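Student: This is start_2.cif (mmCIF, N, CA and C atoms).
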data_protein
#
loop_
_atom_site.group_PDB
_atom_site.id
_atom_site.type_symbol
_atom_site.label_atom_id
_atom_site.label_comp_id
_atom_site.auth_asym_id
_atom_site.auth_seq_id
_atom_site.Cartn_x
_atom_site.Cartn_y
_atom_site.Cartn_z
ATOM 1 N N MET A 107 91.826 121.019 127.551
ATOM 2 C CA MET A 107 90.470 120.514 127.548
ATOM 3 C C MET A 107 90.422 119.213 126.751
ATOM 4 N N ARG A 108 89.772 118.227 127.294
ATOM 5 C CA ARG A 108 89.657 116.946 126.612
ATOM 6 C C ARG A 108 88.254 116.686 126.085
ATOM 7 N N ASN A 109 87.307 117.490 126.495
ATOM 8 C CA ASN A 109 85.928 117.275 126.081
ATOM 9 C C ASN A 109 85.519 118.300 125.034
ATOM 10 N N PRO A 110 84.655 117.895 124.095
ATOM 11 C CA PRO A 110 84.179 118.865 123.109
ATOM 12 C C PRO A 110 83.242 119.869 123.772
ATOM 13 N N GLY A 111 83.098 120.992 123.132
ATOM 14 C CA GLY A 111 82.204 122.019 123.658
ATOM 15 C C GLY A 111 81.745 122.945 122.564
ATOM 16 N N LEU A 112 81.030 123.982 122.962
ATOM 17 C CA LEU A 112 80.529 124.985 122.035
ATOM 18 C C LEU A 112 80.982 126.365 122.478
ATOM 19 N N ALA A 113 81.294 127.192 121.513
ATOM 20 C CA ALA A 113 81.531 128.612 121.738
ATOM 21 C C ALA A 113 80.339 129.323 121.124
ATOM 22 N N CYS A 114 79.696 130.207 121.883
ATOM 23 C CA CYS A 114 78.447 130.820 121.434
ATOM 24 C C CYS A 114 78.465 132.325 121.643
ATOM 25 N N TRP A 115 77.831 133.023 120.724
ATOM 26 C CA TRP A 115 77.618 134.460 120.847
ATOM 27 C C TRP A 115 76.157 134.727 120.564
ATOM 28 N N LYS A 116 75.474 135.355 121.503
ATOM 29 C CA LYS A 116 74.062 135.684 121.329
ATOM 30 C C LYS A 116 73.946 137.120 120.839
ATOM 31 N N ASN A 117 73.327 137.282 119.689
ATOM 32 C CA ASN A 117 73.090 138.597 119.110
ATOM 33 C C ASN A 117 71.683 139.017 119.503
ATOM 34 N N SER A 118 71.544 140.004 120.348
ATOM 35 C CA SER A 118 70.220 140.433 120.812
ATOM 36 C C SER A 118 69.395 141.078 119.697
ATOM 37 N N ASN A 119 70.023 141.398 118.579
ATOM 38 C CA ASN A 119 69.316 142.023 117.458
ATOM 39 C C ASN A 119 69.082 141.081 116.279
ATOM 40 N N GLY A 120 69.370 139.800 116.448
ATOM 41 C CA GLY A 120 69.182 138.890 115.316
ATOM 42 C C GLY A 120 69.919 137.587 115.497
ATOM 43 N N ILE A 121 70.505 137.121 114.429
ATOM 44 C CA ILE A 121 71.159 135.820 114.410
ATOM 45 C C ILE A 121 72.520 135.901 115.092
ATOM 46 N N GLY A 122 72.803 134.931 115.961
ATOM 47 C CA GLY A 122 74.089 134.854 116.651
ATOM 48 C C GLY A 122 75.023 133.902 115.922
ATOM 49 N N HIS A 123 75.885 133.252 116.697
ATOM 50 C CA HIS A 123 76.858 132.353 116.081
ATOM 51 C C HIS A 123 77.249 131.271 117.075
ATOM 52 N N ILE A 124 77.454 130.045 116.578
ATOM 53 C CA ILE A 124 77.901 128.913 117.383
ATOM 54 C C ILE A 124 79.009 128.196 116.621
ATOM 55 N N ALA A 125 80.044 127.773 117.335
ATOM 56 C CA ALA A 125 81.125 126.993 116.733
ATOM 57 C C ALA A 125 81.506 125.867 117.688
ATOM 58 N N VAL A 126 82.091 124.816 117.158
ATOM 59 C CA VAL A 126 82.533 123.680 117.959
ATOM 60 C C VAL A 126 83.937 123.947 118.479
ATOM 61 N N VAL A 127 84.117 123.815 119.797
ATOM 62 C CA VAL A 127 85.443 123.939 120.406
ATOM 63 C C VAL A 127 86.126 122.588 120.265
ATOM 64 N N ARG A 128 87.307 122.583 119.680
ATOM 65 C CA ARG A 128 88.029 121.338 119.419
ATOM 66 C C ARG A 128 88.740 120.853 120.673
ATOM 67 N N PRO A 129 88.428 119.631 121.109
ATOM 68 C CA PRO A 129 89.103 119.115 122.302
ATOM 69 C C PRO A 129 90.599 118.907 122.055
ATOM 70 N N GLU A 130 91.377 119.208 123.069
ATOM 71 C CA GLU A 130 92.820 118.995 123.063
ATOM 72 C C GLU A 130 93.553 119.767 121.966
ATOM 73 N N LYS A 131 93.014 120.857 121.516
ATOM 74 C CA LYS A 131 93.681 121.707 120.521
ATOM 75 C C LYS A 131 93.873 123.091 121.115
ATOM 76 N N GLY A 132 95.024 123.674 120.897
ATOM 77 C CA GLY A 132 95.277 125.039 121.317
ATOM 78 C C GLY A 132 95.785 125.155 122.740
ATOM 79 N N GLU A 133 96.018 126.374 123.145
ATOM 80 C CA GLU A 133 96.487 126.700 124.483
ATOM 81 C C GLU A 133 95.274 127.022 125.365
ATOM 82 N N PRO A 134 95.429 126.966 126.700
ATOM 83 C CA PRO A 134 94.278 127.206 127.578
ATOM 84 C C PRO A 134 93.543 128.521 127.314
ATOM 85 N N ASN A 135 94.264 129.576 127.005
ATOM 86 C CA ASN A 135 93.614 130.867 126.765
ATOM 87 C C ASN A 135 93.376 131.150 125.279
ATOM 88 N N LYS A 136 93.666 130.172 124.431
ATOM 89 C CA LYS A 136 93.455 130.328 122.990
ATOM 90 C C LYS A 136 92.835 129.052 122.423
ATOM 91 N N PRO A 137 91.568 128.773 122.797
ATOM 92 C CA PRO A 137 90.946 127.546 122.294
ATOM 93 C C PRO A 137 90.787 127.583 120.779
ATOM 94 N N ARG A 138 90.808 126.417 120.177
ATOM 95 C CA ARG A 138 90.642 126.272 118.730
ATOM 96 C C ARG A 138 89.205 125.852 118.437
ATOM 97 N N ILE A 139 88.669 126.292 117.303
ATOM 98 C CA ILE A 139 87.297 125.963 116.935
ATOM 99 C C ILE A 139 87.224 125.469 115.494
ATOM 100 N N ALA A 140 86.112 124.808 115.198
ATOM 101 C CA ALA A 140 85.734 124.455 113.834
ATOM 102 C C ALA A 140 84.383 125.117 113.596
ATOM 103 N N GLN A 141 84.183 125.675 112.415
ATOM 104 C CA GLN A 141 82.921 126.350 112.159
ATOM 105 C C GLN A 141 82.540 126.289 110.691
ATOM 106 N N ALA A 142 81.250 126.510 110.450
ATOM 107 C CA ALA A 142 80.714 126.626 109.094
ATOM 108 C C ALA A 142 79.871 127.891 109.051
ATOM 109 N N GLY A 143 79.885 128.542 107.924
ATOM 110 C CA GLY A 143 79.133 129.788 107.776
ATOM 111 C C GLY A 143 79.778 130.659 106.722
ATOM 112 N N GLY A 144 79.866 131.964 107.000
ATOM 113 C CA GLY A 144 80.522 132.890 106.090
ATOM 114 C C GLY A 144 81.977 132.516 105.873
ATOM 115 N N LYS A 145 82.598 132.017 106.926
ATOM 116 C CA LYS A 145 83.961 131.470 106.856
ATOM 117 C C LYS A 145 83.885 130.032 107.341
ATOM 118 N N ASN A 146 84.441 129.109 106.583
ATOM 119 C CA ASN A 146 84.472 127.703 106.964
ATOM 120 C C ASN A 146 85.907 127.295 107.264
ATOM 121 N N PHE A 147 86.117 126.661 108.412
ATOM 122 C CA PHE A 147 87.433 126.118 108.714
ATOM 123 C C PHE A 147 87.320 125.022 109.763
ATOM 124 N N LYS A 148 88.328 124.158 109.781
ATOM 125 C CA LYS A 148 88.368 123.029 110.715
ATOM 126 C C LYS A 148 89.175 123.329 111.961
ATOM 127 N N ASN A 149 90.095 124.279 111.870
ATOM 128 C CA ASN A 149 91.003 124.508 112.991
ATOM 129 C C ASN A 149 91.444 125.969 113.001
ATOM 130 N N GLY A 150 90.665 126.808 113.684
ATOM 131 C CA GLY A 150 90.993 128.226 113.770
ATOM 132 C C GLY A 150 90.861 128.711 115.201
ATOM 133 N N LEU A 151 91.313 129.910 115.449
ATOM 134 C CA LEU A 151 91.168 130.516 116.764
ATOM 135 C C LEU A 151 89.743 131.034 116.944
ATOM 136 N N VAL A 152 89.329 131.190 118.183
ATOM 137 C CA VAL A 152 88.003 131.751 118.466
ATOM 138 C C VAL A 152 87.874 133.128 117.816
ATOM 139 N N THR A 153 88.925 133.915 117.853
ATOM 140 C CA THR A 153 88.876 135.246 117.242
ATOM 141 C C THR A 153 88.718 135.188 115.726
ATOM 142 N N ASP A 154 89.104 134.086 115.098
ATOM 143 C CA ASP A 154 88.893 133.934 113.648
ATOM 144 C C ASP A 154 87.406 133.848 113.321
ATOM 145 N N GLY A 155 86.628 133.283 114.228
ATOM 146 C CA GLY A 155 85.199 133.107 113.981
ATOM 147 C C GLY A 155 84.319 134.158 114.627
ATOM 148 N N PHE A 156 84.766 134.710 115.769
ATOM 149 C CA PHE A 156 83.921 135.627 116.531
ATOM 150 C C PHE A 156 84.476 137.044 116.616
ATOM 151 N N GLY A 157 85.693 137.252 116.161
ATOM 152 C CA GLY A 157 86.307 138.570 116.292
ATOM 153 C C GLY A 157 86.516 138.897 117.763
ATOM 154 N N THR A 158 86.137 140.101 118.167
ATOM 155 C CA THR A 158 86.328 140.532 119.555
ATOM 156 C C THR A 158 85.048 140.413 120.377
ATOM 157 N N ARG A 159 84.034 139.745 119.848
ATOM 158 C CA ARG A 159 82.768 139.597 120.574
ATOM 159 C C ARG A 159 82.950 138.776 121.844
ATOM 160 N N SER A 160 82.088 139.021 122.810
ATOM 161 C CA SER A 160 82.093 138.266 124.059
ATOM 162 C C SER A 160 81.456 136.902 123.811
ATOM 163 N N VAL A 161 82.212 135.847 124.053
ATOM 164 C CA VAL A 161 81.786 134.484 123.736
ATOM 165 C C VAL A 161 81.523 133.711 125.027
ATOM 166 N N SER A 162 80.445 132.921 125.030
ATOM 167 C CA SER A 162 80.155 132.004 126.136
ATOM 168 C C SER A 162 80.571 130.606 125.713
ATOM 169 N N TYR A 163 81.073 129.837 126.676
ATOM 170 C CA TYR A 163 81.520 128.466 126.385
ATOM 171 C C TYR A 163 80.654 127.474 127.149
ATOM 172 N N PHE A 164 80.321 126.374 126.470
ATOM 173 C CA PHE A 164 79.570 125.287 127.070
ATOM 174 C C PHE A 164 80.338 124.017 126.779
ATOM 175 N N ILE A 165 80.801 123.335 127.821
ATOM 176 C CA ILE A 165 81.664 122.164 127.672
ATOM 177 C C ILE A 165 80.921 120.935 128.161
ATOM 178 N N TYR A 166 80.973 119.867 127.399
ATOM 179 C CA TYR A 166 80.376 118.587 127.768
ATOM 180 C C TYR A 166 81.301 117.873 128.739
ATOM 181 N N LYS A 167 80.789 117.520 129.914
ATOM 182 C CA LYS A 167 81.619 116.866 130.931
ATOM 183 C C LYS A 167 81.036 115.515 131.319
ATOM 184 N N GLY A 168 80.516 114.791 130.352
ATOM 185 C CA GLY A 168 79.842 113.526 130.620
ATOM 186 C C GLY A 168 80.703 112.387 130.893
#
Using structure tokens, write down the structure from this file.

Tutor:
Amino acid sequence: MRNPGLACWKNSNGIGHIAVVRPEKGEPNKPRIAQAGGKNFKNGLVTDGFGTRSVSYFIYKG
């Protein structure tokens, strides 16, 4: 992936979570993210920020 995007989890019972998908980082099935919150990091796996939750991806293709 060359474009930035978002990884999102919607919590139907409250606050969800959003992280930035890092362009050109990681393998196709293991995207890398940067996030701020309870855990802060610049370059981690999606599972580092979301665990096993079902994540939706939104990619900018402008």

Student: First collect every listed atom of region 119-125 of chain A; then fit an axis-aligned box around them, widen it by 6 Å on each side, and give centre and edge lengths in Å to one decimal, as AutoDock Vina command-line options.

Tutor:
--center_x 75.3 --center_y 133.9 --center_z 116.5 --size_x 24.4 --size_y 28.2 --size_z 16.2

Student: Residues picked by the PyMOL selection byres (((chain A and resi 108-119 and name CA) around 8) and name CA) here, as a JSON list (two decimals) with N, CA and C atoms, keeping the file's coordinate frame?

Tutor:
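Everything below was put into result_24.json:
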[["chain", "number", "residue", "atom", "x", "y", "z"],
["A", 107, "MET", "N", 91.83, 121.02, 127.55],
["A", 107, "MET", "CA", 90.47, 120.51, 127.55],
["A", 107, "MET", "C", 90.42, 119.21, 126.75],
["A", 120, "GLY", "N", 69.37, 139.80, 116.45],
["A", 120, "GLY", "CA", 69.18, 138.89, 115.32],
["A", 120, "GLY", "C", 69.92, 137.59, 115.50],
["A", 121, "ILE", "N", 70.50, 137.12, 114.43],
["A", 121, "ILE", "CA", 71.16, 135.82, 114.41],
["A", 121, "ILE", "C", 72.52, 135.90, 115.09],
["A", 122, "GLY", "N", 72.80, 134.93, 115.96],
["A", 122, "GLY", "CA", 74.09, 134.85, 116.65],
["A", 122, "GLY", "C", 75.02, 133.90, 115.92],
["A", 123, "HIS", "N", 75.89, 133.25, 116.70],
["A", 123, "HIS", "CA", 76.86, 132.35, 116.08],
["A", 123, "HIS", "C", 77.25, 131.27, 117.08],
["A", 124, "ILE", "N", 77.45, 130.04, 116.58],
["A", 124, "ILE", "CA", 77.90, 128.91, 117.38],
["A", 124, "ILE", "C", 79.01, 128.20, 116.62],
["A", 125, "ALA", "N", 80.04, 127.77, 117.34],
["A", 125, "ALA", "CA", 81.12, 126.99, 116.73],
["A", 125, "ALA", "C", 81.51, 125.87, 117.69],
["A", 126, "VAL", "N", 82.09, 124.82, 117.16],
["A", 126, "VAL", "CA", 82.53, 123.68, 117.96],
["A", 126, "VAL", "C", 83.94, 123.95, 118.48],
["A", 127, "VAL", "N", 84.12, 123.82, 119.80],
["A", 127, "VAL", "CA", 85.44, 123.94, 120.41],
["A", 127, "VAL", "C", 86.13, 122.59, 120.26],
["A", 128, "ARG", "N", 87.31, 122.58, 119.68],
["A", 128, "ARG", "CA", 88.03, 121.34, 119.42],
["A", 128, "ARG", "C", 88.74, 120.85, 120.67],
["A", 129, "PRO", "N", 88.43, 119.63, 121.11],
["A", 129, "PRO", "CA", 89.10, 119.12, 122.30],
["A", 129, "PRO", "C", 90.60, 118.91, 122.06],
["A", 130, "GLU", "N", 91.38, 119.21, 123.07],
["A", 130, "GLU", "CA", 92.82, 119.00, 123.06],
["A", 130, "GLU", "C", 93.55, 119.77, 121.97],
["A", 139, "ILE", "N", 88.67, 126.29, 117.30],
["A", 139, "ILE", "CA", 87.30, 125.96, 116.94],
["A", 139, "ILE", "C", 87.22, 125.47, 115.49],
["A", 152, "VAL", "N", 89.33, 131.19, 118.18],
["A", 152, "VAL", "CA", 88.00, 131.75, 118.47],
["A", 152, "VAL", "C", 87.87, 133.13, 117.82],
["A", 156, "PHE", "N", 84.77, 134.71, 115.77],
["A", 156, "PHE", "CA", 83.92, 135.63, 116.53],
["A", 156, "PHE", "C", 84.48, 137.04, 116.62],
["A", 159, "ARG", "N", 84.03, 139.74, 119.85],
["A", 159, "ARG", "CA", 82.77, 139.60, 120.57],
["A", 159, "ARG", "C", 82.95, 138.78, 121.84],
["A", 160, "SER", "N", 82.09, 139.02, 122.81],
["A", 160, "SER", "CA", 82.09, 138.27, 124.06],
["A", 160, "SER", "C", 81.46, 136.90, 123.81],
["A", 161, "VAL", "N", 82.21, 135.85, 124.05],
["A", 161, "VAL", "CA", 81.79, 134.48, 123.74],
["A", 161, "VAL", "C", 81.52, 133.71, 125.03],
["A", 162, "SER", "N", 80.44, 132.92, 125.03],
["A", 162, "SER", "CA", 80.16, 132.00, 126.14],
["A", 162, "SER", "C", 80.57, 130.61, 125.71],
["A", 163, "TYR", "N", 81.07, 129.84, 126.68],
["A", 163, "TYR", "CA", 81.52, 128.47, 126.38],
["A", 163, "TYR", "C", 80.65, 127.47, 127.15],
["A", 164, "PHE", "N", 80.32, 126.37, 126.47],
["A", 164, "PHE", "CA", 79.57, 125.29, 127.07],
["A", 164, "PHE", "C", 80.34, 124.02, 126.78],
["A", 165, "ILE", "N", 80.80, 123.34, 127.82],
["A", 165, "ILE", "CA", 81.66, 122.16, 127.67],
["A", 165, "ILE", "C", 80.92, 120.94, 128.16],
["A", 166, "TYR", "N", 80.97, 119.87, 127.40],
["A", 166, "TYR", "CA", 80.38, 118.59, 127.77],
["A", 166, "TYR", "C", 81.30, 117.87, 128.74],
["A", 167, "LYS", "N", 80.79, 117.52, 129.91],
["A", 167, "LYS", "CA", 81.62, 116.87, 130.93],
["A", 167, "LYS", "C", 81.04, 115.52, 131.32]]

Student: Quick check, in Å to one decimal: how far apart do atom C of Pro134 (chain A) and atom N of Leu151 (chain A) lie?

Tutor: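 We find that atom C of Pro134 (chain A) and atom N of Leu151 (chain A) lie 12.2 Å from each other.
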
Student: Atom N of Lys145 (chain A) and atom N of Gly168 (chain A), how far apart in Å?

Tutor: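 Computing the Euclidean distance for atom N of Gly168 (chain A) and atom N of Lys145 (chain A) yields 29.2 Å.
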
Student: Please, which residues of chain A, numbered as in this document, come out strand (DSSP E or B) from DSSP, as a PyMOL selection string?

Tutor: chain A and resi 111-115+123-133+136-141+147-151+162-165

Student: With the input short on atoms, add all heavy atoms back to region 121-132 of chain A and write it as a PDB file, in the coordinates of the input.

Tutor:
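File written: part38.pdb
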ATOM      1  N   ILE A 121      70.505 137.121 114.429  1.00  0.00           N
ATOM      2  CA  ILE A 121      71.159 135.820 114.410  1.00  0.00           C
ATOM      3  C   ILE A 121      72.520 135.901 115.092  1.00  0.00           C
ATOM      4  O   ILE A 121      73.305 136.799 114.831  1.00  0.00           O
ATOM      5  CB  ILE A 121      71.323 135.324 112.954  1.00  0.00           C
ATOM      6  CG1 ILE A 121      69.945 135.147 112.334  1.00  0.00           C
ATOM      7  CG2 ILE A 121      72.113 134.037 112.889  1.00  0.00           C
ATOM      8  CD1 ILE A 121      69.967 134.880 110.849  1.00  0.00           C
ATOM      9  N   GLY A 122      72.803 134.931 115.961  1.00  0.00           N
ATOM     10  CA  GLY A 122      74.089 134.854 116.651  1.00  0.00           C
ATOM     11  C   GLY A 122      75.023 133.902 115.922  1.00  0.00           C
ATOM     12  O   GLY A 122      74.941 133.738 114.708  1.00  0.00           O
ATOM     13  N   HIS A 123      75.885 133.252 116.697  1.00  0.00           N
ATOM     14  CA  HIS A 123      76.858 132.353 116.081  1.00  0.00           C
ATOM     15  C   HIS A 123      77.249 131.271 117.075  1.00  0.00           C
ATOM     16  O   HIS A 123      77.353 131.536 118.273  1.00  0.00           O
ATOM     17  CB  HIS A 123      78.096 133.145 115.669  1.00  0.00           C
ATOM     18  CG  HIS A 123      79.095 132.351 114.899  1.00  0.00           C
ATOM     19  ND1 HIS A 123      78.789 131.701 113.735  1.00  0.00           N
ATOM     20  CD2 HIS A 123      80.399 132.094 115.143  1.00  0.00           C
ATOM     21  CE1 HIS A 123      79.876 131.074 113.295  1.00  0.00           C
ATOM     22  NE2 HIS A 123      80.858 131.295 114.135  1.00  0.00           N
ATOM     23  N   ILE A 124      77.454 130.045 116.578  1.00  0.00           N
ATOM     24  CA  ILE A 124      77.901 128.913 117.383  1.00  0.00           C
ATOM     25  C   ILE A 124      79.009 128.196 116.621  1.00  0.00           C
ATOM     26  O   ILE A 124      78.914 128.029 115.408  1.00  0.00           O
ATOM     27  CB  ILE A 124      76.755 127.919 117.664  1.00  0.00           C
ATOM     28  CG1 ILE A 124      75.668 128.590 118.490  1.00  0.00           C
ATOM     29  CG2 ILE A 124      77.266 126.672 118.371  1.00  0.00           C
ATOM     30  CD1 ILE A 124      74.455 127.713 118.715  1.00  0.00           C
ATOM     31  N   ALA A 125      80.044 127.773 117.335  1.00  0.00           N
ATOM     32  CA  ALA A 125      81.125 126.993 116.733  1.00  0.00           C
ATOM     33  C   ALA A 125      81.506 125.867 117.688  1.00  0.00           C
ATOM     34  O   ALA A 125      81.277 125.952 118.894  1.00  0.00           O
ATOM     35  CB  ALA A 125      82.345 127.882 116.460  1.00  0.00           C
ATOM     36  N   VAL A 126      82.091 124.816 117.158  1.00  0.00           N
ATOM     37  CA  VAL A 126      82.533 123.680 117.959  1.00  0.00           C
ATOM     38  C   VAL A 126      83.937 123.947 118.479  1.00  0.00           C
ATOM     39  O   VAL A 126      84.841 124.283 117.708  1.00  0.00           O
ATOM     40  CB  VAL A 126      82.526 122.377 117.122  1.00  0.00           C
ATOM     41  CG1 VAL A 126      83.078 121.214 117.927  1.00  0.00           C
ATOM     42  CG2 VAL A 126      81.115 122.088 116.626  1.00  0.00           C
ATOM     43  N   VAL A 127      84.117 123.815 119.797  1.00  0.00           N
ATOM     44  CA  VAL A 127      85.443 123.939 120.406  1.00  0.00           C
ATOM     45  C   VAL A 127      86.126 122.588 120.265  1.00  0.00           C
ATOM     46  O   VAL A 127      85.590 121.558 120.661  1.00  0.00           O
ATOM     47  CB  VAL A 127      85.353 124.341 121.892  1.00  0.00           C
ATOM     48  CG1 VAL A 127      86.738 124.410 122.513  1.00  0.00           C
ATOM     49  CG2 VAL A 127      84.642 125.679 122.034  1.00  0.00           C
ATOM     50  N   ARG A 128      87.307 122.583 119.680  1.00  0.00           N
ATOM     51  CA  ARG A 128      88.029 121.338 119.419  1.00  0.00           C
ATOM     52  C   ARG A 128      88.740 120.853 120.673  1.00  0.00           C
ATOM     53  O   ARG A 128      89.544 121.575 121.242  1.00  0.00           O
ATOM     54  CB  ARG A 128      89.035 121.563 118.312  1.00  0.00           C
ATOM     55  CG  ARG A 128      88.367 121.892 116.980  1.00  0.00           C
ATOM     56  CD  ARG A 128      89.407 122.156 115.940  1.00  0.00           C
ATOM     57  NE  ARG A 128      90.345 121.046 115.879  1.00  0.00           N
ATOM     58  CZ  ARG A 128      90.422 120.173 114.892  1.00  0.00           C
ATOM     59  NH1 ARG A 128      89.616 120.282 113.868  1.00  0.00           N
ATOM     60  NH2 ARG A 128      91.311 119.204 114.907  1.00  0.00           N
ATOM     61  N   PRO A 129      88.428 119.631 121.109  1.00  0.00           N
ATOM     62  CA  PRO A 129      89.103 119.115 122.302  1.00  0.00           C
ATOM     63  C   PRO A 129      90.599 118.907 122.055  1.00  0.00           C
ATOM     64  O   PRO A 129      91.012 118.521 120.970  1.00  0.00           O
ATOM     65  CB  PRO A 129      88.407 117.786 122.581  1.00  0.00           C
ATOM     66  CG  PRO A 129      87.665 117.440 121.356  1.00  0.00           C
ATOM     67  CD  PRO A 129      87.485 118.696 120.555  1.00  0.00           C
ATOM     68  N   GLU A 130      91.377 119.208 123.069  1.00  0.00           N
ATOM     69  CA  GLU A 130      92.820 118.995 123.063  1.00  0.00           C
ATOM     70  C   GLU A 130      93.553 119.767 121.966  1.00  0.00           C
ATOM     71  O   GLU A 130      94.615 119.365 121.516  1.00  0.00           O
ATOM     72  CB  GLU A 130      93.151 117.508 122.982  1.00  0.00           C
ATOM     73  CG  GLU A 130      92.607 116.731 124.165  1.00  0.00           C
ATOM     74  CD  GLU A 130      92.995 115.266 124.133  1.00  0.00           C
ATOM     75  OE1 GLU A 130      93.842 114.861 123.343  1.00  0.00           O
ATOM     76  OE2 GLU A 130      92.425 114.523 124.940  1.00  0.00           O
ATOM     77  N   LYS A 131      93.014 120.857 121.516  1.00  0.00           N
ATOM     78  CA  LYS A 131      93.681 121.707 120.521  1.00  0.00           C
ATOM     79  C   LYS A 131      93.873 123.091 121.115  1.00  0.00           C
ATOM     80  O   LYS A 131      92.989 123.631 121.745  1.00  0.00           O
ATOM     81  CB  LYS A 131      92.851 121.830 119.240  1.00  0.00           C
ATOM     82  CG  LYS A 131      92.578 120.525 118.543  1.00  0.00           C
ATOM     83  CD  LYS A 131      93.818 120.022 117.864  1.00  0.00           C
ATOM     84  CE  LYS A 131      93.530 118.734 117.121  1.00  0.00           C
ATOM     85  NZ  LYS A 131      94.693 118.102 116.614  1.00  0.00           N
ATOM     86  N   GLY A 132      95.024 123.674 120.897  1.00  0.00           N
ATOM     87  CA  GLY A 132      95.277 125.039 121.317  1.00  0.00           C
ATOM     88  C   GLY A 132      95.785 125.155 122.740  1.00  0.00           C
ATOM     89  O   GLY A 132      95.954 124.173 123.455  1.00  0.00           O
TER      90      GLY A 132
END
